[in-house]
Structures are given as structure tokens and as C-alpha cells.
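Listing of input_18.pdb; format and content: PDB, C-alpha atoms.
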```
ATOM      1  CA  ASP A 139     -14.138 -13.279 -43.152
ATOM      2  CA  TRP A 140     -17.323 -12.839 -41.129
ATOM      3  CA  TYR A 141     -17.950 -13.860 -37.536
ATOM      4  CA  ASN A 142     -21.421 -14.486 -36.255
ATOM      5  CA  ALA A 143     -22.045 -12.924 -32.855
ATOM      6  CA  TRP A 144     -22.712 -15.357 -30.023
ATOM      7  CA  PRO A 145     -26.127 -15.122 -28.384
ATOM      8  CA  GLU A 146     -26.208 -13.876 -24.811
ATOM      9  CA  GLU A 147     -26.955 -17.383 -23.524
ATOM     10  CA  ALA A 148     -23.725 -18.628 -25.102
ATOM     11  CA  LEU A 149     -21.693 -15.707 -23.731
ATOM     12  CA  TYR A 150     -23.062 -16.315 -20.238
ATOM     13  CA  SER A 151     -22.461 -20.075 -20.491
ATOM     14  CA  VAL A 152     -18.836 -19.681 -21.611
ATOM     15  CA  ALA A 153     -18.064 -17.128 -18.897
ATOM     16  CA  ARG A 154     -19.706 -19.362 -16.290
ATOM     17  CA  ARG A 155     -17.654 -22.358 -17.371
ATOM     18  CA  PHE A 156     -14.324 -20.537 -17.158
ATOM     19  CA  LEU A 157     -15.147 -18.879 -13.835
ATOM     20  CA  ASP A 158     -16.422 -22.189 -12.397
ATOM     21  CA  GLU A 159     -13.111 -23.821 -13.275
ATOM     22  CA  ALA A 160     -11.135 -20.943 -11.727
ATOM     23  CA  THR A 161     -13.106 -21.147  -8.463
ATOM     24  CA  ALA A 162     -13.117 -24.936  -8.077
ATOM     25  CA  VAL A 163      -9.425 -25.867  -7.896
ATOM     26  CA  GLU A 164      -8.818 -29.278  -6.393
ATOM     27  CA  GLY A 165      -6.855 -29.227  -3.150
ATOM     28  CA  PRO A 166      -5.855 -31.764  -0.457
ATOM     29  CA  ASP A 167      -9.175 -31.217   1.320
ATOM     30  CA  GLY A 168     -11.352 -30.928  -1.786
ATOM     31  CA  PRO A 169     -12.237 -28.057  -4.175
ATOM     32  CA  THR A 170     -11.023 -24.591  -3.143
ATOM     33  CA  ASP A 171     -11.763 -21.049  -4.346
ATOM     34  CA  PRO A 172      -8.312 -19.393  -4.602
ATOM     35  CA  LEU A 173      -9.719 -16.170  -6.093
ATOM     36  CA  GLY A 174     -12.583 -15.769  -3.584
ATOM     37  CA  ILE A 175     -15.232 -14.931  -6.185
ATOM     38  CA  ARG A 176     -17.545 -17.971  -6.142
ATOM     39  CA  GLU A 177     -20.442 -16.068  -4.547
ATOM     40  CA  TYR A 178     -20.158 -13.384  -7.279
ATOM     41  CA  LEU A 179     -20.135 -15.697 -10.319
ATOM     42  CA  ASP A 180     -23.546 -14.668 -11.676
ATOM     43  CA  PRO A 181     -22.922 -10.868 -11.686
ATOM     44  CA  LEU A 182     -19.388 -11.432 -13.032
ATOM     45  CA  CYS A 183     -20.737 -13.496 -15.930
ATOM     46  CA  ARG A 184     -23.318 -10.820 -16.698
ATOM     47  CA  MET A 185     -20.668  -8.121 -16.538
ATOM     48  CA  ALA A 186     -18.387 -10.017 -18.959
ATOM     49  CA  MET A 187     -21.362 -10.449 -21.302
ATOM     50  CA  LYS A 188     -22.225  -6.733 -21.040
ATOM     51  CA  VAL A 189     -18.624  -5.635 -21.736
ATOM     52  CA  HIS A 190     -18.462  -7.839 -24.834
ATOM     53  CA  ARG A 191     -21.839  -6.629 -26.099
ATOM     54  CA  THR A 192     -20.800  -2.998 -25.507
ATOM     55  CA  VAL A 193     -17.612  -3.506 -27.536
ATOM     56  CA  GLU A 194     -19.696  -5.020 -30.354
ATOM     57  CA  LYS A 195     -21.994  -1.970 -30.362
ATOM     58  CA  GLU A 196     -19.085   0.471 -30.276
ATOM     59  CA  THR A 197     -17.435  -1.456 -33.133
ATOM     60  CA  VAL A 198     -20.490  -0.778 -35.302
ATOM     61  CA  ARG A 199     -20.388   2.937 -34.391
ATOM     62  CA  TYR A 200     -16.634   2.955 -35.065
ATOM     63  CA  LYS A 201     -17.279   1.602 -38.562
ATOM     64  CA  GLU A 202     -20.111   4.068 -39.233
ATOM     65  CA  GLU A 203     -18.218   7.148 -38.035
ATOM     66  CA  LEU A 204     -14.648   6.386 -39.169
ATOM     67  CA  GLY A 205     -15.147   3.710 -41.828
ATOM     68  CA  ARG A 206     -12.707   1.352 -40.126
ATOM     69  CA  TYR A 207     -13.189  -2.217 -38.964
ATOM     70  CA  ASN A 208     -12.605  -3.635 -35.498
ATOM     71  CA  TYR A 209     -13.363  -7.325 -35.194
ATOM     72  CA  THR A 210     -14.796  -8.783 -32.015
ATOM     73  CA  THR A 211     -14.562 -12.567 -32.097
ATOM     74  CA  PRO A 212     -15.199 -15.413 -29.665
ATOM     75  CA  THR A 213     -11.447 -15.383 -29.040
ATOM     76  CA  SER A 214     -11.699 -11.746 -27.919
ATOM     77  CA  TYR A 215     -14.325 -12.760 -25.377
ATOM     78  CA  LEU A 216     -12.201 -15.626 -24.065
ATOM     79  CA  GLU A 217      -9.169 -13.326 -23.800
ATOM     80  CA  LEU A 218     -11.295 -10.842 -21.816
ATOM     81  CA  ILE A 219     -12.190 -13.511 -19.263
ATOM     82  CA  LYS A 220      -8.609 -14.799 -19.083
ATOM     83  CA  LEU A 221      -7.235 -11.256 -18.591
ATOM     84  CA  TYR A 222      -9.669 -10.653 -15.725
ATOM     85  CA  LEU A 223      -8.684 -13.911 -13.988
ATOM     86  CA  ASP A 224      -4.943 -13.229 -14.452
ATOM     87  CA  GLN A 225      -5.152  -9.683 -13.098
ATOM     88  CA  LEU A 226      -7.346 -10.748 -10.178
ATOM     89  CA  GLY A 227      -4.847 -13.445  -9.220
ATOM     90  CA  LYS A 228      -1.920 -11.010  -9.374
ATOM     91  CA  GLN A 229      -3.667  -8.386  -7.255
ATOM     92  CA  ARG A 230      -4.681 -10.944  -4.632
ATOM     93  CA  GLY A 231      -1.036 -12.010  -4.469
ATOM     94  CA  VAL A 232       0.133  -8.417  -3.964
ATOM     95  CA  ILE A 233      -2.433  -7.741  -1.253
ATOM     96  CA  SER A 234      -1.694 -11.055   0.480
ATOM     97  CA  GLY A 235       2.033 -10.255   0.473
ATOM     98  CA  ASN A 236       1.452  -6.802   1.961
ATOM     99  CA  GLU A 237      -0.814  -8.260   4.624
ATOM    100  CA  GLY A 238       1.824 -10.851   5.505
ATOM    101  CA  ARG A 239       4.512  -8.194   5.906
ATOM    102  CA  TYR A 240       2.345  -6.029   8.148
ATOM    103  CA  ARG A 241       1.315  -9.001  10.263
ATOM    104  CA  GLY A 242       4.962  -9.992  10.561
ATOM    105  CA  GLY A 243       5.805  -6.479  11.698
ATOM    106  CA  LEU A 244       3.070  -6.552  14.326
ATOM    107  CA  THR A 245       4.380  -9.893  15.601
ATOM    108  CA  LYS A 246       7.897  -8.462  15.903
ATOM    109  CA  LEU A 247       6.572  -5.443  17.767
ATOM    110  CA  ALA A 248       4.691  -7.691  20.192
ATOM    111  CA  GLU A 249       7.833  -9.762  20.789
ATOM    112  CA  THR A 250       9.890  -6.611  21.342
ATOM    113  CA  GLU A 251       7.325  -5.227  23.772
ATOM    114  CA  SER A 252       7.470  -8.485  25.745
ATOM    115  CA  MET A 253      11.268  -8.362  25.817
ATOM    116  CA  VAL A 254      11.220  -4.726  26.958
ATOM    117  CA  LYS A 255       8.825  -5.620  29.757
ATOM    118  CA  ASP A 256      11.090  -8.466  30.954
ATOM    119  CA  LEU A 257      14.149  -6.212  30.932
ATOM    120  CA  GLN A 258      12.310  -3.520  32.860
ATOM    121  CA  GLU A 259      11.320  -6.079  35.500
ATOM    122  CA  LYS A 260      14.929  -7.239  35.796
ATOM    123  CA  LEU A 261      16.098  -3.653  36.152
ATOM    124  CA  THR A 262      13.536  -3.112  38.905
ATOM    125  CA  GLU A 263      14.772  -6.219  40.711
ATOM    126  CA  MET A 264      18.409  -5.152  40.341
ATOM    127  CA  GLN A 265      17.923  -1.612  41.635
ATOM    128  CA  PRO A 266      17.726  -2.484  45.374
ATOM    129  CA  VAL A 267      20.811  -4.668  44.994
ATOM    130  CA  LEU A 268      22.711  -1.818  43.368
ATOM    131  CA  ASP A 269      21.557   0.636  46.017
ATOM    132  CA  GLN A 270      22.634  -1.730  48.772
ATOM    133  CA  ALA A 271      25.997  -2.310  47.116
ATOM    134  CA  ALA A 272      26.647   1.431  46.996
ATOM    135  CA  LYS A 273      25.706   1.733  50.678
ATOM    136  CA  ASP A 274      27.970  -1.157  51.691
ATOM    137  CA  THR A 275      30.822   0.401  49.760
ATOM    138  CA  GLU A 276      30.460   3.681  51.637
ATOM    139  CA  GLU A 277      30.493   1.841  54.983
ATOM    140  CA  LEU A 278      33.541  -0.149  53.942
ATOM    141  CA  LEU A 279      35.446   3.012  53.009
ATOM    142  CA  ALA A 280      34.614   4.555  56.398
ATOM    143  CA  LYS A 281      35.718   1.471  58.377
ATOM    144  CA  VAL A 282      38.744   0.344  56.417
ATOM    145  CA  GLN A 283      40.806   3.403  55.603
ATOM    146  CA  VAL A 284      44.023   1.372  55.650
ATOM    147  CA  ASP A 285      42.799  -0.885  52.838
ATOM    148  CA  GLN A 286      42.124   1.953  50.477
ATOM    149  CA  GLU A 287      43.245   0.045  47.379
ATOM    150  CA  GLU A 288      40.770  -2.829  47.977
ATOM    151  CA  ALA A 289      37.980  -0.384  48.714
ATOM    152  CA  ASP A 290      38.676   1.429  45.405
ATOM    153  CA  LYS A 291      38.389  -1.867  43.512
ATOM    154  CA  GLN A 292      35.028  -2.612  45.121
ATOM    155  CA  GLN A 293      33.771   0.857  44.271
ATOM    156  CA  ALA A 294      34.844   0.457  40.653
ATOM    157  CA  ILE A 295      32.948  -2.841  40.437
ATOM    158  CA  VAL A 296      29.768  -1.266  41.776
ATOM    159  CA  GLU A 297      30.029   1.742  39.438
ATOM    160  CA  GLY A 298      30.578  -0.571  36.490
ATOM    161  CA  ASP A 299      27.408  -2.512  37.332
ATOM    162  CA  VAL A 300      25.437   0.721  37.600
ATOM    163  CA  ALA A 301      26.789   2.008  34.282
ATOM    164  CA  GLU A 302      25.993  -1.275  32.530
ATOM    165  CA  ALA A 303      22.480  -1.281  33.941
ATOM    166  CA  ASN A 304      21.945   2.301  32.733
ATOM    167  CA  LYS A 305      23.200   1.391  29.242
ATOM    168  CA  VAL A 306      20.722  -1.477  29.096
ATOM    169  CA  ALA A 307      17.919   0.810  30.218
ATOM    170  CA  VAL A 308      18.757   3.444  27.565
ATOM    171  CA  SER A 309      19.042   0.797  24.820
ATOM    172  CA  VAL A 310      15.746  -0.798  25.767
ATOM    173  CA  GLN A 311      13.915   2.535  25.827
ATOM    174  CA  ALA A 312      15.346   3.516  22.426
ATOM    175  CA  MET A 313      14.271   0.182  20.967
ATOM    176  CA  LYS A 314      10.771   0.606  22.319
ATOM    177  CA  ASP A 315      10.493   4.187  21.010
ATOM    178  CA  ASP A 316      11.709   3.199  17.527
ATOM    179  CA  CYS A 317       9.273   0.305  17.303
ATOM    180  CA  GLN A 318       6.342   2.428  18.457
ATOM    181  CA  ALA A 319       7.233   5.204  16.019
ATOM    182  CA  ASP A 320       7.403   2.742  13.131
ATOM    183  CA  LEU A 321       4.016   1.295  14.077
ATOM    184  CA  ASP A 322       2.391   4.723  14.505
ATOM    185  CA  GLU A 323       3.641   5.777  11.067
ATOM    186  CA  ALA A 324       3.128   2.557   9.071
ATOM    187  CA  LEU A 325      -0.426   1.552   9.956
ATOM    188  CA  PRO A 326      -2.221   4.901   9.487
ATOM    189  CA  ALA A 327      -0.355   5.478   6.219
ATOM    190  CA  PHE A 328      -1.363   2.064   4.943
ATOM    191  CA  HIS A 329      -5.039   2.567   5.787
ATOM    192  CA  ARG A 330      -5.127   6.044   4.256
ATOM    193  CA  ALA A 331      -3.575   4.751   1.033
ATOM    194  CA  ILE A 332      -6.061   1.898   0.716
ATOM    195  CA  LYS A 333      -9.009   4.213   1.430
ATOM    196  CA  SER A 334      -7.945   6.870  -1.070
ATOM    197  CA  LEU A 335      -7.403   4.334  -3.869
ATOM    198  CA  ASP A 336     -10.777   2.712  -3.224
ATOM    199  CA  ALA A 337     -12.428   6.069  -4.014
ATOM    200  CA  LEU A 338     -10.537   6.481  -7.300
ATOM    201  CA  ASP A 339     -11.889   5.036 -10.554
ATOM    202  CA  LYS A 340     -11.412   5.503 -14.307
ATOM    203  CA  LYS A 341     -14.237   8.042 -14.531
ATOM    204  CA  LYS A 342     -12.539  10.311 -12.011
ATOM    205  CA  ILE A 343      -9.197   9.893 -13.786
ATOM    206  CA  GLN A 344     -10.891  10.967 -17.020
ATOM    207  CA  GLU A 345     -12.187  14.029 -15.173
ATOM    208  CA  LEU A 346      -8.608  15.081 -14.479
ATOM    209  CA  LYS A 347      -7.355  14.396 -18.008
ATOM    210  CA  SER A 348     -10.154  16.547 -19.447
ATOM    211  CA  PHE A 349      -8.534  19.740 -18.115
ATOM    212  CA  ALA A 350      -6.724  21.591 -20.908
ATOM    213  CA  LYS A 351      -5.197  23.855 -18.272
ATOM    214  CA  PRO A 352      -5.702  22.418 -14.786
ATOM    215  CA  PRO A 353      -6.553  24.522 -11.725
ATOM    216  CA  GLU A 354      -3.591  25.400  -9.535
ATOM    217  CA  LEU A 355      -4.255  22.768  -6.848
ATOM    218  CA  VAL A 356      -4.817  20.030  -9.451
ATOM    219  CA  GLN A 357      -1.482  20.982 -11.050
ATOM    220  CA  VAL A 358       0.265  20.840  -7.658
ATOM    221  CA  VAL A 359      -1.175  17.395  -6.833
ATOM    222  CA  LEU A 360      -0.218  15.922 -10.214
ATOM    223  CA  GLU A 361       3.293  17.377  -9.925
ATOM    224  CA  ALA A 362       3.726  15.440  -6.669
ATOM    225  CA  VAL A 363       2.413  12.248  -8.309
ATOM    226  CA  CYS A 364       4.827  12.701 -11.242
ATOM    227  CA  ILE A 365       7.755  13.097  -8.828
ATOM    228  CA  LEU A 366       6.875   9.795  -7.090
ATOM    229  CA  PHE A 367       6.899   8.057 -10.488
ATOM    230  CA  GLY A 368      10.090   9.751 -11.646
ATOM    231  CA  GLN A 369       8.377  11.836 -14.361
ATOM    232  CA  LYS A 370       8.642  15.475 -15.372
ATOM    233  CA  THR A 371       6.373  17.831 -13.431
ATOM    234  CA  THR A 372       4.461  19.067 -16.485
ATOM    235  CA  TRP A 373       0.761  18.719 -17.246
ATOM    236  CA  ASP A 374       1.525  16.781 -20.452
ATOM    237  CA  ALA A 375       3.644  14.331 -18.470
ATOM    238  CA  ALA A 376       0.867  13.999 -15.884
ATOM    239  CA  LYS A 377      -1.780  13.251 -18.535
ATOM    240  CA  LYS A 378       0.522  10.691 -20.152
ATOM    241  CA  LEU A 379       1.061   9.041 -16.767
ATOM    242  CA  MET A 380      -2.686   8.876 -16.059
ATOM    243  CA  SER A 381      -3.325   7.444 -19.551
ATOM    244  CA  SER A 382      -1.226   4.382 -18.778
ATOM    245  CA  MET A 383      -3.276   1.157 -18.666
ATOM    246  CA  THR A 384      -1.444   0.208 -15.452
ATOM    247  CA  PHE A 385      -1.789   3.575 -13.684
ATOM    248  CA  MET A 386      -4.256   2.324 -11.062
ATOM    249  CA  ASP A 387      -2.271  -0.874 -10.511
ATOM    250  CA  ASN A 388       0.952   1.138 -10.134
ATOM    251  CA  LEU A 389      -0.681   3.315  -7.471
ATOM    252  CA  LYS A 390      -1.836   0.284  -5.481
ATOM    253  CA  ALA A 391       1.490  -1.559  -5.751
ATOM    254  CA  TYR A 392       3.719   1.462  -5.068
ATOM    255  CA  ASP A 393       6.664   0.577  -2.798
ATOM    256  CA  LYS A 394       6.377   3.300  -0.130
ATOM    257  CA  ASP A 395       9.136   1.766   1.987
ATOM    258  CA  ASN A 396      11.855   2.370  -0.624
ATOM    259  CA  ILE A 397      11.304   5.932  -1.867
ATOM    260  CA  PRO A 398      14.706   7.512  -2.758
ATOM    261  CA  PRO A 399      15.846  10.342  -0.466
ATOM    262  CA  LYS A 400      16.052  12.664  -3.490
ATOM    263  CA  MET A 401      12.306  12.258  -4.111
ATOM    264  CA  ILE A 402      11.582  12.945  -0.440
ATOM    265  CA  ARG A 403      13.534  16.199  -0.684
ATOM    266  CA  GLN A 404      11.687  17.170  -3.876
ATOM    267  CA  LEU A 405       8.323  16.510  -2.208
ATOM    268  CA  LYS A 406       9.143  18.512   0.922
ATOM    269  CA  LYS A 407       7.823  21.789  -0.484
ATOM    270  CA  TYR A 408       4.539  20.117  -1.444
ATOM    271  CA  MET A 409       4.080  18.492   1.957
ATOM    272  CA  GLU A 410       4.735  21.833   3.668
ATOM    273  CA  ASN A 411       2.285  23.683   1.380
ATOM    274  CA  PRO A 412      -0.750  24.541   3.570
ATOM    275  CA  LYS A 413      -3.049  24.151   0.546
ATOM    276  CA  PHE A 414      -1.767  20.637  -0.170
ATOM    277  CA  GLN A 415      -4.489  19.071   1.960
ATOM    278  CA  ALA A 416      -7.288  16.723   0.878
ATOM    279  CA  GLU A 417      -9.936  19.124   2.180
ATOM    280  CA  GLU A 418      -8.564  22.018   0.095
ATOM    281  CA  VAL A 419      -8.080  19.952  -3.070
ATOM    282  CA  ALA A 420     -11.592  18.425  -2.775
ATOM    283  CA  ARG A 421     -13.097  21.846  -3.476
ATOM    284  CA  VAL A 422     -11.544  21.700  -6.949
ATOM    285  CA  SER A 423     -11.560  17.989  -7.918
ATOM    286  CA  VAL A 424     -12.617  14.774  -6.201
ATOM    287  CA  ALA A 425     -10.109  12.790  -8.250
ATOM    288  CA  ALA A 426      -7.280  15.147  -7.279
ATOM    289  CA  GLU A 427      -8.396  14.797  -3.650
ATOM    290  CA  CYS A 428      -7.886  11.005  -3.868
ATOM    291  CA  LEU A 429      -4.430  11.450  -5.372
ATOM    292  CA  CYS A 430      -3.525  14.050  -2.741
ATOM    293  CA  MET A 431      -4.481  11.593   0.016
ATOM    294  CA  TRP A 432      -2.405   8.912  -1.729
ATOM    295  CA  VAL A 433       0.698  11.131  -1.988
ATOM    296  CA  ARG A 434       0.507  12.128   1.680
ATOM    297  CA  ALA A 435       0.052   8.498   2.701
ATOM    298  CA  MET A 436       3.077   7.375   0.654
ATOM    299  CA  VAL A 437       5.354  10.133   2.020
TER     300      VAL A 437
END
```
Output the structure of this file as C-alpha cells.
Amino acid sequence: DWYNAWPEEALYSVARRFLDEATAVEGPDGPTDPLGIREYLDPLCRMAMKVHRTVEKETVRYKEELGRYNYTTPTSYLELIKLYLDQLGKQRGVISGNEGRYRGGLTKLAETESMVKDLQEKLTEMQPVLDQAAKDTEELLAKVQVDQEEADKQQAIVEGDVAEANKVAVSVQAMKDDCQADLDEALPAFHRAIKSLDALDKKKIQELKSFAKPPELVQVVLEAVCILFGQKTTWDAAKKLMSSMTFMDNLKAYDKDNIPPKMIRQLKKYMENPKFQAEEVARVSVAAECLCMWVRAMV
């Protein structure tokens, strides 16, 4: 069977139709753009057209060099557009979920800070009362020696109030310190991870895979990446991991909040290695630098 190639006008028109439908979903208040790509429709259509045309050209070269056929049909083009829309929707969902969790955490921290402030104010108000109670107790003991038993009861009450107030103060301070530590650790790590992944693309991944025997720092970085994905720390295992179609997606969606303690222990020697720094790795490989930044952000 033979398939006639679509002209570029037809490829553009089909891509435009599908993308228009994906960015004009009817909602309660009228059409909405759930994917957020309406202002980029023209370059997206041209990119889809270019990808399809490139595959057609490579198919011809594939036939000339290897004598084997690879058919590119209109269905292939439609599947390309559908795959892009599906993946874009999934990634927007992942990012939206992460954003929601971080915003929820910030809200909880704000609420905790407000509660800590209120408790500190109450403690400040209570302090003069406690001081006065202790003073009154001392005067009572001096004046009423004969009623020693009653004076002891009053003293016990005052000491109990002081102890309870101190427990509250210690608990509140610990809560505040824990919340601040979590915030200081979570937000910078998140931003570093996003920044490092933004600088990583398929071309740079290919740069790493091209090493038959990687430089020492590249080997060290990829060993750490393999550990985070539960793989052997060999160069063959690292190349296999990077060859996965979902490698980039797996990096972006990695669950940093649930890394097993065993992995943390395995990564300790890498994190303590003075050469395991983005600045050092960048002298050898830009791609390895990005992965080094990602590992440090995850751990």
C-alpha cells in the first residue's frame, strides 16, 4: 500500500484544528484554555508539521541506508498531536498538584506562626501573675508558720502553674523551630530542582550517553542518580536509565519526600564528597552538572 504525503497546508490545518479544540473547552463561564497554550498555537502547529516532515525525510534515508521501510501515515501525525496533548495535560496536573501542596504547607506555617504569637502573648501576660503568686506565697509562709500544711498546698499550686507554663513555652518553641526548618529546607530544594531540570534537554543527555568510559565526576554523578532510581551503580545501568523514554518525566515527578532511609545512607558518601558540587562537575559536563544539582536538591 502507498500513502501520499499531506501537503504542509494540510498538516498545519489539521494540527490547528486539534489544538483549537483542546484550547477552547466549554465551561460555565464560556470557553476556557485548560492547557494554557492558546497564544502559542501557531508555533506549535509549525513544530508539529516540522517533526512530521523530519520523520518523513529520515524514513527515506532509513530505506536508502538499511533497505527497510518505515511508514509515516496521516494516522501517525494525528497520534503525534494526541500524544503531545496527553503528556502536556499530565504534566500540568503534576505541577498543579505540587504547587497546591506547597501552598498548603505555607498556609499551615502561617497559621502556626499566628498561634505561636498568641501563645507567647499569653505567656507574657501570665508572667507577672506567676511572679506575684510566688511573692505572695513567700509572705504567707513567713506570716503563717502554724498553718504550714495549707502554705505547702498553695506553694505546690503555684509551682504547678509555673511548670505547666514552661512546658507550653518549650512545646511552642519546638513547634516553631520544626516548622521553620521544614520551610527552610523544602522551598530552596524545590527551586533548585526546577532550575536544574529546566537546563537539561535530550541533547545534553545524549552528550552523557556518548561516553564509552565516563570521566570520574560524571561516573560519580550517575551513580548517585542510579541509587535514587534503585538501579545498579554501573555505567551500563546509567546509560540504560538515561535511554528510557520517560527519564526526563521521572526526574521531574520524583517523590523527594518519600526517599527510603537506605537510599539516604547510600548517598551519604556522595553528598560528603567535596568534588560532588555543581561547580566542580560543570568543568567536565554541563549535563552532569544539571543532574548533580538535581541529586543535591532531592537529598
Counting only C-alpha atoms, the residue of A:Met264, A:Leu221, A:Leu226, A:Val232 that sits nearest Pro172 of chain A:
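Selected residue with least distance to Pro172 of chain A: A:Leu226.
Excluding segment 406-409 of chain A itself and same-chain residues fewer than 4 positions from it, the residues having an atom within 8 Å of it are A:Val358, A:Ala362, A:Ile402, A:Phe414, A:Arg434, counting all atoms listed in the file.
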Just give me the gap between atom CA of Thr262 of chain A and atom CA of Ala303 of chain A in Å, one decimal is fine.
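Distance reported for this atom pair: 10.4 Å.
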Exercise: Ala186 of chain A partners within 8 Å, only C-alpha atoms, chain neighbours under 3 positions left out, as a PDB file with C-alpha atoms, keeping the file's coordinate frame:
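Once everything was written out, this is result.pdb:
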```pdb
ATOM      1  CA  TYR A 150     -23.062 -16.315 -20.238  1.00  0.00           C
ATOM      2  CA  ALA A 153     -18.064 -17.128 -18.897  1.00  0.00           C
ATOM      3  CA  LEU A 182     -19.388 -11.432 -13.032  1.00  0.00           C
ATOM      4  CA  CYS A 183     -20.737 -13.496 -15.930  1.00  0.00           C
ATOM      5  CA  VAL A 189     -18.624  -5.635 -21.736  1.00  0.00           C
ATOM      6  CA  HIS A 190     -18.462  -7.839 -24.834  1.00  0.00           C
ATOM      7  CA  LEU A 218     -11.295 -10.842 -21.816  1.00  0.00           C
ATOM      8  CA  ILE A 219     -12.190 -13.511 -19.263  1.00  0.00           C
TER       9      ILE A 219
END
```
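If all atoms listed in the file are the atoms counted, then among A:Val198, A:Arg206, A:Tyr240, A:Tyr222 the closest residue to His329 of chain A is A:Tyr240.
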Could you check which residues have any atom within 9 Å of (-18.2, -16.6, -20.5), counting only C-alpha atoms with coordinates taken straight from the file, and then list them as a PyMOL selection string?
chain A and resi 148-157+183-184+186-187+215-216+219
Of the residues A:Thr211, A:Thr170, A:Thr161, A:Gln344, which is the one nearest to Leu223 of chain A, using all atoms listed in the file?
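Of A:Thr211, A:Thr170, A:Thr161, A:Gln344, the one nearest Leu223 of chain A, counting all atoms listed in the file, is A:Thr161.
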Using atom CA of Leu268 of chain A and atom CA of Glu297 of chain A as the two end points, give the distance in Å to one decimal.
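Value for the atom CA of Leu268 of chain A-atom CA of Glu297 of chain A distance: 9.0 Å.
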Selection dump of the PyMOL selection byres ((chain A and resi 346) around 12), as number ranges by chain
A: 338-345, 347-353, 355-357, 359-360, 373-374, 376-381, 422-429
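Interatomic distance, atom CA of Met431 of chain A against atom CA of Asp322 of chain A: 17.4 Å.
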Give me, as a PyMOL selection string, all polymer residues having an atom no more than 8 Å from segment 254-261 of chain A, counting only C-alpha atoms and skipping those fewer than 6 positions away in the same chain.
chain A and resi 303+307+310-311+314
Shell around Lys400 of chain A at 12 Å using only C-alpha atoms, local window under 4 positions removed, as a ChimeraX atom specification:
/A:365-366,368,396,404-406
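Closest approach to Ala312 of chain A from the set A:Thr250, A:Gln283, A:Thr384, A:Gln293 is made by A:Thr250, with distances taken over only C-alpha atoms.
With distances restricted to only C-alpha atoms, A:Met185 is the closest residue to Glu146 of chain A from A:Val306, A:Met185, A:Cys430, A:Val300.
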